[in-house]
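Novice: Supplied structure: target.tsv, TSV, C-alpha atoms.
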```
chain	number	residue	atom	x	y	z
A	1	MET	CA	0.00	0.00	0.00
A	2	HIS	CA	1.30	3.43	-0.98
A	3	THR	CA	0.85	6.48	1.24
A	4	SER	CA	3.14	9.28	0.07
A	5	ARG	CA	3.56	11.27	-3.13
A	6	SER	CA	6.31	13.39	-4.62
A	7	LEU	CA	6.83	17.08	-4.04
A	8	LEU	CA	8.76	19.10	-6.58
A	9	TRP	CA	12.38	20.28	-6.61
A	10	TYR	CA	13.11	20.26	-2.90
A	11	PRO	CA	16.58	19.16	-1.72
A	12	GLY	CA	16.32	15.68	-0.25
A	13	ILE	CA	13.04	14.42	-1.67
A	14	LEU	CA	11.64	11.54	0.39
A	15	SER	CA	13.82	8.47	0.19
A	16	SER	CA	12.24	5.06	-0.28
A	17	LEU	CA	13.08	4.34	3.36
A	18	ALA	CA	11.21	7.45	4.53
A	19	ALA	CA	8.28	6.58	2.30
A	20	ARG	CA	8.09	3.10	3.80
A	21	HIS	CA	8.21	4.63	7.29
A	22	LEU	CA	5.25	6.91	6.45
A	23	GLN	CA	3.41	3.90	5.07
A	24	ARG	CA	3.84	1.95	8.31
A	25	SER	CA	3.17	4.91	10.60
A	26	SER	CA	-0.01	5.90	8.75
A	27	ARG	CA	-1.63	2.69	9.99
A	28	ARG	CA	-1.13	3.83	13.58
A	29	TYR	CA	-3.07	7.04	12.94
A	30	LEU	CA	-6.27	5.27	11.91
A	31	SER	CA	-8.52	5.89	14.90
A	32	SER	CA	-11.74	7.60	15.90
A	33	GLU	CA	-9.94	10.89	15.23
A	34	THR	CA	-9.91	10.02	11.53
A	35	SER	CA	-13.50	8.86	11.20
A	36	ASN	CA	-15.58	10.20	8.33
A	37	ARG	CA	-16.89	13.75	8.73
A	38	GLY	CA	-19.31	15.73	6.64
A	39	GLY	CA	-22.03	18.33	6.33
A	40	THR	CA	-24.01	20.45	3.90
A	41	THR	CA	-22.02	23.65	3.31
A	42	THR	CA	-18.65	24.65	4.68
A	43	PRO	CA	-18.65	27.60	7.13
A	44	LEU	CA	-19.01	31.15	5.84
A	45	PRO	CA	-18.24	34.41	7.64
A	46	GLU	CA	-21.18	36.53	8.68
A	47	GLU	CA	-20.56	39.17	6.02
A	48	ALA	CA	-21.00	36.55	3.28
A	49	LEU	CA	-24.34	35.26	4.53
A	50	ASN	CA	-26.22	38.46	3.68
A	51	GLN	CA	-25.30	38.62	0.02
A	52	LYS	CA	-28.30	38.62	-2.29
A	53	PRO	CA	-28.31	35.77	-4.80
A	54	ARG	CA	-27.84	37.11	-8.33
A	55	SER	CA	-27.95	33.92	-10.38
A	56	PRO	CA	-31.16	32.01	-11.19
A	57	PHE	CA	-29.26	28.79	-10.38
A	58	PHE	CA	-27.55	27.49	-7.26
A	59	PHE	CA	-25.81	24.44	-5.86
A	60	GLU	CA	-27.40	22.34	-3.15
A	61	THR	CA	-24.34	20.77	-1.59
A	62	GLY	CA	-22.96	18.19	0.78
A	63	TYR	CA	-19.43	17.17	1.66
A	64	ALA	CA	-17.71	14.25	3.33
A	65	VAL	CA	-14.07	13.71	4.27
A	66	PHE	CA	-11.73	11.13	5.73
A	67	ALA	CA	-8.17	11.95	6.83
A	68	LYS	CA	-5.46	9.30	6.86
A	69	ARG	CA	-4.03	11.08	9.91
A	70	PRO	CA	-5.22	14.07	11.98
A	71	SER	CA	-4.62	17.47	10.44
A	72	ARG	CA	-1.77	19.55	11.84
A	73	PRO	CA	-3.00	22.69	13.63
A	74	PHE	CA	-2.54	25.90	11.70
A	75	PRO	CA	0.36	27.96	13.05
A	76	PRO	CA	0.09	31.51	14.38
A	77	PRO	CA	-1.06	34.00	13.23
A	78	PHE	CA	-3.68	31.97	11.33
A	79	LEU	CA	-5.47	30.84	14.49
A	80	SER	CA	-5.37	34.27	16.13
A	81	PRO	CA	-7.93	36.91	15.11
A	82	PRO	CA	-6.15	40.30	15.08
A	83	SER	CA	-7.00	42.93	17.65
A	84	GLY	CA	-9.45	45.48	16.32
A	85	SER	CA	-8.25	48.46	18.34
A	86	PHE	CA	-6.69	49.55	21.64
A	87	SER	CA	-10.19	49.67	23.08
A	88	ASP	CA	-10.55	45.90	22.84
A	89	PRO	CA	-10.69	44.15	26.23
A	90	LEU	CA	-7.37	42.94	27.58
A	91	SER	CA	-8.76	39.50	28.30
A	92	THR	CA	-8.55	37.08	25.37
A	93	HIS	CA	-10.40	34.27	27.14
A	94	ASN	CA	-13.29	34.22	24.68
A	95	ARG	CA	-11.01	34.46	21.67
A	96	SER	CA	-8.85	31.63	22.95
A	97	ARG	CA	-11.83	29.34	22.48
A	98	ASP	CA	-12.32	30.46	18.87
A	99	ARG	CA	-10.57	27.75	16.86
A	100	ARG	CA	-11.57	29.11	13.47
A	101	ALA	CA	-8.69	30.04	11.22
A	102	TYR	CA	-8.11	33.60	10.03
A	103	VAL	CA	-5.99	35.37	7.44
A	104	GLY	CA	-5.85	39.13	7.07
A	105	GLY	CA	-8.59	39.48	9.69
A	106	LYS	CA	-11.01	37.31	7.68
A	107	MET	CA	-12.20	33.81	8.52
A	108	ILE	CA	-10.59	31.28	6.18
A	109	ARG	CA	-13.23	29.66	3.97
A	110	GLY	CA	-13.59	25.90	3.65
A	111	ILE	CA	-12.39	23.12	5.94
A	112	THR	CA	-9.15	21.17	6.26
A	113	ASN	CA	-9.03	17.39	5.86
A	114	GLY	CA	-5.56	16.03	6.56
A	115	ASP	CA	-3.59	17.91	3.91
A	116	ASP	CA	-6.67	18.40	1.70
A	117	ALA	CA	-9.04	21.36	1.72
A	118	VAL	CA	-12.64	21.44	0.55
A	119	LEU	CA	-15.20	24.18	0.06
A	120	ALA	CA	-18.93	23.78	-0.54
A	121	GLY	CA	-20.86	26.93	-1.37
A	122	ASP	CA	-23.89	28.28	-3.18
A	123	ASN	CA	-22.15	28.54	-6.55
A	124	PHE	CA	-18.54	27.46	-5.92
A	125	ILE	CA	-17.20	24.05	-4.88
A	126	GLY	CA	-13.62	22.86	-4.74
A	127	ALA	CA	-11.18	20.21	-3.54
A	128	ASN	CA	-7.45	20.94	-3.19
A	129	ASP	CA	-4.92	18.24	-2.34
A	130	GLY	CA	-1.90	19.39	-0.34
A	131	VAL	CA	1.24	17.31	-0.95
A	132	GLY	CA	1.76	15.43	2.30
A	133	ALA	CA	5.52	14.95	1.87
A	134	TRP	CA	5.98	18.52	3.13
A	135	ALA	CA	5.22	17.21	6.63
A	136	THR	CA	8.80	15.89	6.75
A	137	LYS	CA	10.32	19.30	5.99
A	138	PRO	CA	11.10	22.16	8.41
A	139	LYS	CA	8.33	24.77	8.11
A	140	GLY	CA	6.41	22.47	5.78
A	141	HIS	CA	2.62	22.85	5.97
A	142	ALA	CA	0.78	21.58	2.88
A	143	ALA	CA	-2.62	21.83	4.58
A	144	LEU	CA	-2.15	25.56	5.07
A	145	TRP	CA	-1.32	26.00	1.38
A	146	SER	CA	-4.27	23.94	0.13
A	147	ARG	CA	-6.73	25.75	2.39
A	148	LEU	CA	-5.45	29.28	1.72
A	149	ILE	CA	-5.48	28.90	-2.04
A	150	LEU	CA	-9.06	27.60	-1.94
A	151	HIS	CA	-10.06	30.43	0.41
A	152	PHE	CA	-8.60	33.21	-1.71
A	153	TRP	CA	-9.91	31.54	-4.89
A	154	ALA	CA	-13.48	31.56	-3.57
A	155	LEU	CA	-13.13	35.19	-2.44
A	156	GLU	CA	-11.92	36.30	-5.86
A	157	ALA	CA	-14.78	34.49	-7.59
A	158	GLU	CA	-17.26	36.03	-5.16
A	159	ARG	CA	-15.99	39.56	-5.69
A	160	ASP	CA	-15.77	39.41	-9.47
A	161	ALA	CA	-19.11	37.66	-9.92
A	162	SER	CA	-20.74	40.43	-7.91
A	163	VAL	CA	-19.24	43.13	-10.17
A	164	ASN	CA	-20.10	41.27	-13.37
A	165	SER	CA	-23.70	40.71	-12.36
A	166	THR	CA	-24.20	44.36	-11.47
A	167	LEU	CA	-22.40	46.12	-14.32
A	168	ASP	CA	-22.31	43.77	-17.28
A	169	GLN	CA	-24.79	40.97	-17.75
A	170	THR	CA	-22.74	39.55	-20.67
A	171	ALA	CA	-19.42	39.36	-18.78
A	172	GLU	CA	-17.98	35.92	-18.19
A	173	PRO	CA	-16.14	34.71	-15.08
A	174	ASN	CA	-12.39	34.16	-15.34
A	175	PRO	CA	-11.59	31.37	-12.86
A	176	ILE	CA	-7.96	31.02	-13.96
A	177	GLU	CA	-7.38	34.70	-13.20
A	178	TYR	CA	-9.11	34.22	-9.82
A	179	LEU	CA	-6.78	31.28	-9.11
A	180	GLN	CA	-3.73	33.29	-10.16
A	181	ARG	CA	-4.64	36.03	-7.69
A	182	ALA	CA	-5.30	33.42	-5.00
A	183	TYR	CA	-1.91	31.87	-5.66
A	184	GLU	CA	-0.17	35.25	-5.34
A	185	GLN	CA	-2.06	36.09	-2.14
A	186	THR	CA	-1.14	32.70	-0.66
A	187	ILE	CA	2.54	33.28	-1.41
A	188	LYS	CA	2.30	36.62	0.41
A	189	ALA	CA	0.38	35.18	3.38
A	190	THR	CA	2.86	32.31	3.86
A	191	SER	CA	5.97	34.49	3.48
A	192	THR	CA	5.57	36.92	6.38
A	193	PRO	CA	6.01	37.11	9.32
A	194	ILE	CA	7.09	33.44	9.15
A	195	GLU	CA	7.68	31.45	5.98
A	196	TRP	CA	5.60	28.28	5.58
A	197	LEU	CA	6.38	25.84	2.78
A	198	GLY	CA	3.97	23.67	0.84
A	199	THR	CA	2.39	22.75	-2.47
A	200	THR	CA	-1.12	21.79	-3.51
A	201	THR	CA	-3.21	20.79	-6.48
A	202	ALA	CA	-6.24	22.96	-7.26
A	203	CYS	CA	-9.62	21.96	-8.65
A	204	ALA	CA	-12.94	23.82	-8.50
A	205	ALA	CA	-16.25	24.39	-10.27
A	206	LEU	CA	-18.04	27.73	-10.53
A	207	LEU	CA	-21.76	27.74	-11.36
A	208	HIS	CA	-22.84	30.54	-13.70
A	209	HIS	CA	-25.49	31.03	-16.37
A	210	HIS	CA	-25.95	32.29	-19.91
A	211	ALA	CA	-28.86	33.34	-22.09
A	212	LYS	CA	-30.33	30.69	-24.36
A	213	ASP	CA	-33.53	31.15	-26.36
A	214	SER	CA	-34.61	34.10	-24.22
A	215	SER	CA	-34.11	32.18	-20.98
A	216	ALA	CA	-31.23	31.52	-18.62
A	217	GLU	CA	-29.42	28.19	-18.68
A	218	PRO	CA	-26.80	26.95	-16.19
A	219	VAL	CA	-23.17	26.69	-17.25
A	220	LEU	CA	-20.26	25.34	-15.23
A	221	TYR	CA	-16.75	26.80	-15.30
A	222	VAL	CA	-14.35	24.05	-14.25
A	223	THR	CA	-10.71	24.83	-13.48
A	224	ASN	CA	-8.03	22.25	-12.74
A	225	LEU	CA	-4.32	22.08	-12.01
A	226	GLY	CA	-3.03	18.69	-10.88
A	227	ASP	CA	-4.82	15.42	-10.25
A	228	SER	CA	-7.88	16.24	-8.16
A	229	GLN	CA	-11.05	15.85	-10.19
A	230	VAL	CA	-14.38	17.43	-11.07
A	231	LEU	CA	-16.91	14.97	-12.45
A	232	VAL	CA	-20.34	15.90	-13.83
A	233	ILE	CA	-22.99	13.17	-13.89
A	234	ARG	CA	-26.47	13.21	-15.41
A	235	PRO	CA	-28.22	10.78	-13.06
A	236	ARG	CA	-31.32	10.08	-15.14
A	237	HIS	CA	-29.09	8.62	-17.87
A	238	GLN	CA	-26.36	7.44	-15.49
A	239	GLU	CA	-23.76	9.04	-17.73
A	240	VAL	CA	-20.68	11.18	-17.32
A	241	ILE	CA	-21.14	14.57	-18.98
A	242	TYR	CA	-17.66	15.83	-18.17
A	243	LYS	CA	-14.53	15.09	-16.17
A	244	THR	CA	-11.23	16.89	-15.73
A	245	THR	CA	-7.98	15.49	-17.11
A	246	GLU	CA	-5.17	14.75	-14.66
A	247	GLN	CA	-1.95	16.73	-15.03
A	248	TRP	CA	1.33	15.07	-14.09
A	249	HIS	CA	5.05	15.78	-14.14
A	250	TRP	CA	5.69	12.08	-13.61
A	251	PHE	CA	3.98	9.19	-11.86
A	252	ASP	CA	2.58	10.23	-8.46
A	253	CYS	CA	3.91	13.77	-8.93
A	254	PRO	CA	1.06	15.99	-10.17
A	255	ARG	CA	1.27	19.61	-11.23
A	256	GLN	CA	1.12	21.67	-8.05
A	257	LEU	CA	1.16	25.24	-6.83
A	258	GLY	CA	3.60	26.40	-4.19
A	259	THR	CA	7.14	26.22	-2.93
A	260	ASN	CA	9.78	25.55	-5.62
A	261	SER	CA	7.19	24.42	-8.16
A	262	PRO	CA	7.43	25.90	-11.67
A	263	ASP	CA	3.67	25.52	-12.16
A	264	THR	CA	1.44	28.61	-12.14
A	265	PRO	CA	-2.29	29.04	-12.81
A	266	LYS	CA	-1.73	31.34	-15.81
A	267	GLU	CA	0.64	28.89	-17.48
A	268	ASN	CA	-0.70	25.50	-16.44
A	269	ALA	CA	-4.30	25.60	-15.20
A	270	VAL	CA	-6.98	24.39	-17.61
A	271	MET	CA	-10.52	25.81	-17.68
A	272	ASP	CA	-13.51	24.22	-19.41
A	273	LYS	CA	-17.11	25.39	-19.82
A	274	VAL	CA	-19.77	22.73	-19.38
A	275	ASP	CA	-23.44	23.21	-20.25
A	276	LEU	CA	-25.57	21.88	-17.39
A	277	GLU	CA	-29.17	20.89	-16.89
A	278	GLU	CA	-31.17	21.19	-13.71
A	279	GLY	CA	-30.62	18.04	-11.70
A	280	ASP	CA	-27.08	17.38	-12.91
A	281	LEU	CA	-24.69	16.24	-10.18
A	282	VAL	CA	-21.26	17.86	-9.83
A	283	LEU	CA	-18.50	16.24	-7.77
A	284	ALA	CA	-15.23	17.82	-6.66
A	285	MET	CA	-12.88	15.13	-5.35
A	286	SER	CA	-9.30	14.73	-4.22
A	287	ASP	CA	-7.24	11.88	-5.63
A	288	GLY	CA	-8.06	9.82	-2.55
A	289	VAL	CA	-11.23	8.92	-4.46
A	290	VAL	CA	-9.97	8.50	-8.02
A	291	ASP	CA	-6.86	6.54	-6.96
A	292	ASN	CA	-9.06	3.96	-5.26
A	293	LEU	CA	-12.21	3.77	-7.39
A	294	TRP	CA	-12.57	3.46	-11.14
A	295	GLU	CA	-14.83	5.94	-12.88
A	296	HIS	CA	-17.65	3.44	-13.42
A	297	GLU	CA	-17.57	2.60	-9.70
A	298	VAL	CA	-17.83	6.29	-8.79
A	299	VAL	CA	-20.77	6.79	-11.16
A	300	GLN	CA	-22.60	3.70	-9.93
A	301	ASN	CA	-22.07	4.60	-6.28
A	302	VAL	CA	-23.24	8.19	-6.75
A	303	VAL	CA	-26.29	7.34	-8.84
A	304	ASP	CA	-27.34	4.53	-6.47
A	305	SER	CA	-27.02	6.81	-3.44
A	306	PHE	CA	-28.87	9.64	-5.12
A	307	ARG	CA	-31.74	7.38	-6.23
A	308	LYS	CA	-31.96	5.80	-2.80
A	309	TRP	CA	-32.29	9.21	-1.19
A	310	GLU	CA	-34.67	10.47	-3.90
A	311	SER	CA	-36.99	7.48	-3.45
A	312	GLY	CA	-37.19	8.03	0.33
A	313	GLU	CA	-35.65	4.63	1.12
A	314	LEU	CA	-33.34	6.00	3.80
A	315	SER	CA	-34.27	5.44	7.40
A	316	GLU	CA	-34.36	8.39	9.79
A	317	ASP	CA	-31.28	6.98	11.53
A	318	ASN	CA	-29.23	7.22	8.33
A	319	ASP	CA	-30.55	10.47	6.94
A	320	ASP	CA	-29.91	13.63	8.90
A	321	HIS	CA	-30.58	15.85	5.90
A	322	THR	CA	-34.01	14.79	4.65
A	323	GLY	CA	-34.34	17.88	2.44
A	324	ASN	CA	-30.90	17.51	0.86
A	325	GLY	CA	-29.44	14.25	-0.40
A	326	MET	CA	-25.98	15.57	-1.20
A	327	PRO	CA	-24.39	14.88	2.22
A	328	TYR	CA	-25.53	11.27	1.91
A	329	VAL	CA	-24.16	10.99	-1.64
A	330	ALA	CA	-20.80	12.37	-0.52
A	331	GLN	CA	-20.63	10.14	2.57
A	332	GLU	CA	-21.36	6.97	0.60
A	333	LEU	CA	-18.64	7.76	-1.93
A	334	VAL	CA	-16.09	8.43	0.81
A	335	LYS	CA	-17.03	5.13	2.48
A	336	ALA	CA	-16.49	3.22	-0.78
A	337	ALA	CA	-13.12	4.85	-1.44
A	338	ARG	CA	-11.97	4.32	2.14
A	339	LEU	CA	-12.87	0.63	1.96
A	340	ILE	CA	-10.40	0.16	-0.90
A	341	ALA	CA	-7.81	2.55	0.54
A	342	GLU	CA	-7.50	0.50	3.72
A	343	ASP	CA	-7.40	-2.87	1.95
A	344	PRO	CA	-3.79	-3.98	1.28
A	345	PHE	CA	-5.00	-6.63	-1.18
A	346	ALA	CA	-7.58	-4.69	-3.17
A	347	GLU	CA	-7.24	-3.85	-6.83
A	348	SER	CA	-7.20	-0.12	-7.44
A	349	PRO	CA	-6.54	2.38	-10.24
A	350	PHE	CA	-3.43	3.56	-8.41
A	351	MET	CA	-2.07	0.02	-8.17
A	352	GLU	CA	-2.76	-0.47	-11.87
A	353	ARG	CA	-0.85	2.68	-12.84
A	354	ALA	CA	2.03	1.74	-10.51
A	355	VAL	CA	2.36	-1.66	-12.16
A	356	GLU	CA	2.38	0.03	-15.57
A	357	GLU	CA	5.33	2.09	-14.31
A	358	GLY	CA	7.16	-1.10	-13.35
A	359	LEU	CA	6.59	-0.72	-9.61
A	360	ALA	CA	5.72	-3.74	-7.44
A	361	MET	CA	2.65	-2.51	-5.58
A	362	GLU	CA	-0.72	-3.85	-4.53
A	363	GLY	CA	-3.75	-2.70	-2.62
A	364	GLY	CA	-5.47	0.65	-2.32
A	365	LYS	CA	-3.78	3.99	-1.73
A	366	LEU	CA	-4.21	5.16	1.85
A	367	ASP	CA	-4.75	8.88	1.47
A	368	ASP	CA	-6.91	11.79	2.53
A	369	ILE	CA	-10.32	11.35	0.87
A	370	SER	CA	-12.37	14.46	0.18
A	371	VAL	CA	-15.68	14.77	-1.69
A	372	VAL	CA	-18.01	17.69	-2.36
A	373	ALA	CA	-21.28	16.71	-4.05
A	374	ALA	CA	-23.61	19.30	-5.55
A	375	ILE	CA	-26.84	19.27	-7.50
A	376	CYS	CA	-27.75	22.10	-9.87
A	377	LYS	CA	-31.09	23.70	-9.03
A	378	ARG	CA	-33.13	26.71	-10.18
A	379	ARG	CA	-34.13	29.32	-7.64
A	380	ASN	CA	-37.81	29.83	-7.00
A	381	GLY	CA	-39.03	33.00	-8.66
```
Please render this file's structure as structure tokens.

Specialist:
Amino acid sequence: MHTSRSLLWYPGILSSLAARHLQRSSRRYLSSETSNRGGTTTPLPEEALNQKPRSPFFFETGYAVFAKRPSRPFPPPFLSPPSGSFSDPLSTHNRSRDRRAYVGGKMIRGITNGDDAVLAGDNFIGANDGVGAWATKPKGHAALWSRLILHFWALEAERDASVNSTLDQTAEPNPIEYLQRAYEQTIKATSTPIEWLGTTTACAALLHHHAKDSSAEPVLYVTNLGDSQVLVIRPRHQEVIYKTTEQWHWFDCPRQLGTNSPDTPKENAVMDKVDLEEGDLVLAMSDGVVDNLWEHEVVQNVVDSFRKWESGELSEDNDDHTGNGMPYVAQELVKAARLIAEDPFAESPFMERAVEEGLAMEGGKLDDISVVAAICKRRNG
């Protein structure tokens, strides 16, 4: 079973001995602390909750995650909200209990899962995969990089979409430009006052709309750099409408943004526009899913879960979100991927690719597993 992946151009890349050590030690981390987690939407700051919806379409979302080992805490100052003024009370007792992460005085969007980061919002979903090998390096923190890039990416999309909707109804989003700005802001945030090293893949889907025959139709802007994946499924036909293409430097070393990597959003990210229909399902997944499940297994699992929820077959004990089936869809997919990931004798896509590269390997790939599931819906009125 394989548990580590390559980072780029850092002196002393993991030796095979170190990789084997991580493989053995990862088993010891599997505990109740790394049980599956999930929800509907990832947390938003208060100022974002009052925004008026401008698009006739929205995502109904759910997410589920499993970490191969507990996430490292974010370092200061990211867990310390800045003081507002000298008039603030001297006691920080209440703030000390606030474990939300902040950057530049703003709550960091999304959640961390091991070294992954996911975000589930009204019109933006994403899954970034931080390269875990940075954990062996001084000042290495891949989880911080994956989360910050996703945070700044969502903020840029939110700001620009607001301007476009108000001033120019024909303007199109530019997700690669948003990602480029997010990348630059992350470099700045991790450079001062203390430098933090890391790299991450980046993959997200932005829901927009365009005019078609005098009515609005949903369109999806998908942006990818690396080997996380966005998959679009039309459940009534059980077919894949779209999926991203993985980007690699070499086997198990995807394109990645961050320390010492030559990759940049402007030069290497790929953006595709996908025409959607109401009811289409959109998945944003880290490679913890696609390395352990083949595409047909993902589609079958998602469609079966969605139909089971839609038909009302779920018992009250298993369905905490009776009005929204997406958390259930995401949880079931994470369960299926985790089952293979923890099986040292299973057949998996990752094992198949490793064998093609001439590597003796079997079983699933124990990794962080992150899924955001969304269904495209039209707003009432």

Novice: Give me, as an MDAnalysis selection string, all polymer residues having an atom no more than 10 Å from region 178-192 of chain A, counting only C-alpha atoms and skipping those fewer than 4 positions away in the same chain.

Specialist: chainID A and resid 77:78 103:104 141 144:160 173:174 196:198 202:204 223:225 257:259 264:267 269

Novice: Write out as a list in words the residues lying within 10 Å of Asp304 (chain A), counting all atoms listed in the file and excluding same-chain residues fewer than 4 positions away.

Specialist: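 Counting only the stated atoms, we get Pro235, Gln238, Val298, Val299, Gln300, Lys308, Trp309, Glu310, Val329 and Glu332 of chain A.
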
Novice: Show me as a PyMOL selection string the residues that reach within 6 Å of (-14.1, 15.6, 0.4), counting all atoms listed in the file and using the file's own coordinates.

Specialist: chain A and resi 63-65+285+369-372

Novice: So, counting all atoms listed in the file, which residue among A:Lys335, A:Gly38, A:Ala205, A:Trp294 is closest to Ile176 (chain A)?

Specialist: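 Going through A:Lys335, A:Gly38, A:Ala205, A:Trp294 one by one, the smallest distance to Ile176 (chain A) is for A:Ala205.
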
Novice: Which residues are close to Asp115 (chain A), i.e. within 12 Å by only C-alpha atoms, leaving aside same-chain residues fewer than 2 positions away? Reply as a ChimeraX atom specification.

Specialist: /A:4,65-74,111-113,117-118,127-135,140-148,198-201,286-288,367-370

Novice: Enter the distance from CA of Asn123 (chain A) to CA of Arg338 (chain A), in Å, rounded to one decimal.

Specialist: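 CA of Asn123 (chain A) sits 27.7 Å away from CA of Arg338 (chain A).
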
Novice: In Å, rounded to a single decimal, give me how far CA of Cys376 (chain A) is from CA of Phe58 (chain A).

Specialist: 6.0 Å

Novice: At most 8 Å from (-17.6, 25.2, -0.5), file frame, only C-alpha atoms: which residues, as a list in words?

Specialist: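 Final list of nearby residues, as requested, is Thr41, Thr42, Arg109, Gly110, Val118, Leu119, Ala120, Gly121, Asp122, Phe124, Ile125, Gly126 and Val372 of chain A.
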
Novice: Restricting it to C-alpha atoms, dump the selection as a CSV table (one decimal), in the frame of the given file.

Specialist:
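Contents of again10.csv, freshly written:
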```csv
chain,number,residue,atom,x,y,z
A,41,THR,CA,-22.0,23.6,3.3
A,42,THR,CA,-18.6,24.6,4.7
A,109,ARG,CA,-13.2,29.7,4.0
A,110,GLY,CA,-13.6,25.9,3.6
A,118,VAL,CA,-12.6,21.4,0.6
A,119,LEU,CA,-15.2,24.2,0.1
A,120,ALA,CA,-18.9,23.8,-0.5
A,121,GLY,CA,-20.9,26.9,-1.4
A,122,ASP,CA,-23.9,28.3,-3.2
A,124,PHE,CA,-18.5,27.5,-5.9
A,125,ILE,CA,-17.2,24.0,-4.9
A,126,GLY,CA,-13.6,22.9,-4.7
A,372,VAL,CA,-18.0,17.7,-2.4
```

Novice: Have a look at A:Gly226, A:Met326, A:Leu314, A:Thr40 and name the one nearest to Phe251 (chain A); count all atoms listed in the file.

Specialist: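 Checking each candidate against Phe251 (chain A), we get A:Gly226 as the closest.
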
Novice: One decimal, in Å: what's the spacing between CA of Arg378 (chain A) and CA of Pro45 (chain A)?

Specialist: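 Interatomic distance here is 24.5 Å.
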